[in-house]
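Take a look at the structure set out below.
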Amino acid sequence: MIGGQWLAVFRAICCRPSTGHRPPATGNRSPITDNLAFTRKDLLGIRELSVEEIETILDSAGSFKEISLRSIKKVPTLRGKTIINFFFESSTRTRTSFEIAAKRLSADTINISASNSSVTKGESLIDTARNLQAMAPDAIVIRHPSPGVPHQLARMVDASIINGGDGAHEHPTQALLDAFTIREHKGRIAGLQVAIIGDIMHSRVARSNTHLLTKLGAHVRIAGPRTLIPPHYQSIIEDSEGSLTVCNHIEEAITGSDVVMMLRIQRERMSAAFLPSLREYAVEYGLTLRRLELAASDCIVMHPGPINRGIEISSEVVDGARSLILDQVSNGVAVRMAVLFLLVGIES
Ligand code: CP
């Protein structure tokens with residue numbers, strides 16, 4: 001128990017009957033936890049989440065954020081729980097912030113990367129998952145270059161699976177921390193104009209954010225080279241019921257926007273020549289102070305990181321007054337604390 005903090009979390013969580021994602025209460029749940037709007041075993045993507053579930057995570061993160069402002073940044077909420085970070089791709093922010101979030105909640109954490117696991121000796125993902133399950137972890141955060149791997153793992157193990165990014169598919173905690181940051185600075189998400197610009201094709205961040213922001217009532221405009229806007233966005237446009245527009249150039253997307261979210265060119269995922277050159281890309285699609293003048297006067301600038309200064313975004317914008325790039329990183333810890341708490345901190 002973390003005293004007032006628990007109460008704050010519970011007060012912030014709206015009431016909704018169990019959706020049946022977790023087993024029904026067996027007798028030791030409190031009337032409060034029985035009514036939580038988040039009853040899933042896993043967090044695999046934003047597409048399948050309801051508005052109530054998203055708001056439950058964001059409201060809970062608001063309560064957890066205060067813990068990181070204390071001189072002793074630790075509460076016993078997840079004492080005795082074990083969280084494995086299993087990363088098959090490099091990461092600075094996601095892996096570190098999941099580890100910090102787990103440690104601030106007093107969970108035990110283990111980090112495994114592909115290069116230091118027995119995957120390098122030929123062990124399959126299924127056998128690796130079975131072996132991890134045999135050690136009874138409570139949650140596994142997985143990042144993998146192949147879309148769908150977290151979903152496969154979730155079917156195979158009892159532990160809660162959290163998608164830390166699966167190829168170009170989804171990065172749900174990034175979209176949640178982005179939404180938390182927007183809400184913190186704008187007070188709302190509904191009705192905002194959000195421009196998402198860059199390498200849409202290879203961006204799990206763009207996909208998760210598009211699902212989340214349109215669900216919560218924002219209007220999203222995407223822009224990027226036509227070669228980097230994938231055909232499957234047509235189905236997302238149809239799902240979004242008019243809340244998503246594909247723009248022909250960056251100026252059209254930015255004009256009047258409340259939020260501008262820039263994306264990195266993911267050269268490591270490109271199997272073909274999608275761009276003439278990075279120099280040309282920077283000229284056509286880079287965010288400069290001059291282009292930012294087209295946005296709303298109180299527009300905020302976001303980027304999931306890692307940033308490539310001088311390519312998709314100029315240094316003046318990165319370090320400027322409108323940039324919330326490091327706020328996003330700070331908020332990532334609070335959002336991941338909330339996700340861990342909602343998945344493994346409530347006894348069924
Ligand atoms: N935003 C993000 O996922 O960063 P990392 O790749 O450093 O985790």
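Labels for the structure tokens follow display order: chains A, B, ..., residues from 1 in each chain, ligands from 1.
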Set the cut-off to 12 Å, count only C-alpha atoms and all ligand atoms, and list whatever residues fall near ligand 1 as JSON, numbers by chain.
{"A": [85, 87, 88, 89, 90, 91, 92, 93, 94, 95, 96, 97, 98, 99, 141, 142, 143, 144, 145, 163, 164, 165, 166, 167, 168, 170, 171, 172, 173, 174, 175, 176, 177, 178, 203, 204, 205, 206, 208, 262, 263, 264, 266, 302, 303, 304, 305, 306, 307, 325, 326, 328, 329, 330, 331, 332]}
Helix (DSSP H, G or I) positions in range 161-338 of chain A, given as a ChimeraX atom specification:
/A:172-186,204-215,226-228,233-239,250-254,267-269,278-285,289-292,315-318,325-338
Polymer residues at most 9 Å from range 276-280 of chain A, only C-alpha atoms, same-chain spacing of 4 or more positions, as an MDAnalysis selection string
chainID A and resid 265 284:285 311
Distance criterion (only C-alpha atoms): nearest to Ala136 in chain A out of A:Thr109, A:Thr82, A:Ser323, A:Ser240
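Checking each of A:Thr109, A:Thr82, A:Ser323, A:Ser240 against Ala136 in chain A, counting only C-alpha atoms, the winner is A:Thr82.
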Write out as a ChimeraX atom specification the residues lying within 12 Å of Arg104 in chain A, counting only C-alpha atoms and excluding same-chain residues fewer than 2 positions away.
/A:2,64-79,97-102,106-109,333-334,336-338,340-341
Have a look at CA of Arg40 in chain A and CA of Gln133 in chain A and let me know their distance in Å, one decimal.
18.5 Å
Skip Val220 in chain A itself and residues of its chain fewer than 4 positions away, then list as an NGL selection string all residues within 7 Å of it, counting only C-alpha atoms.
:A and (193-195 or 210 or 214 or 243-245)
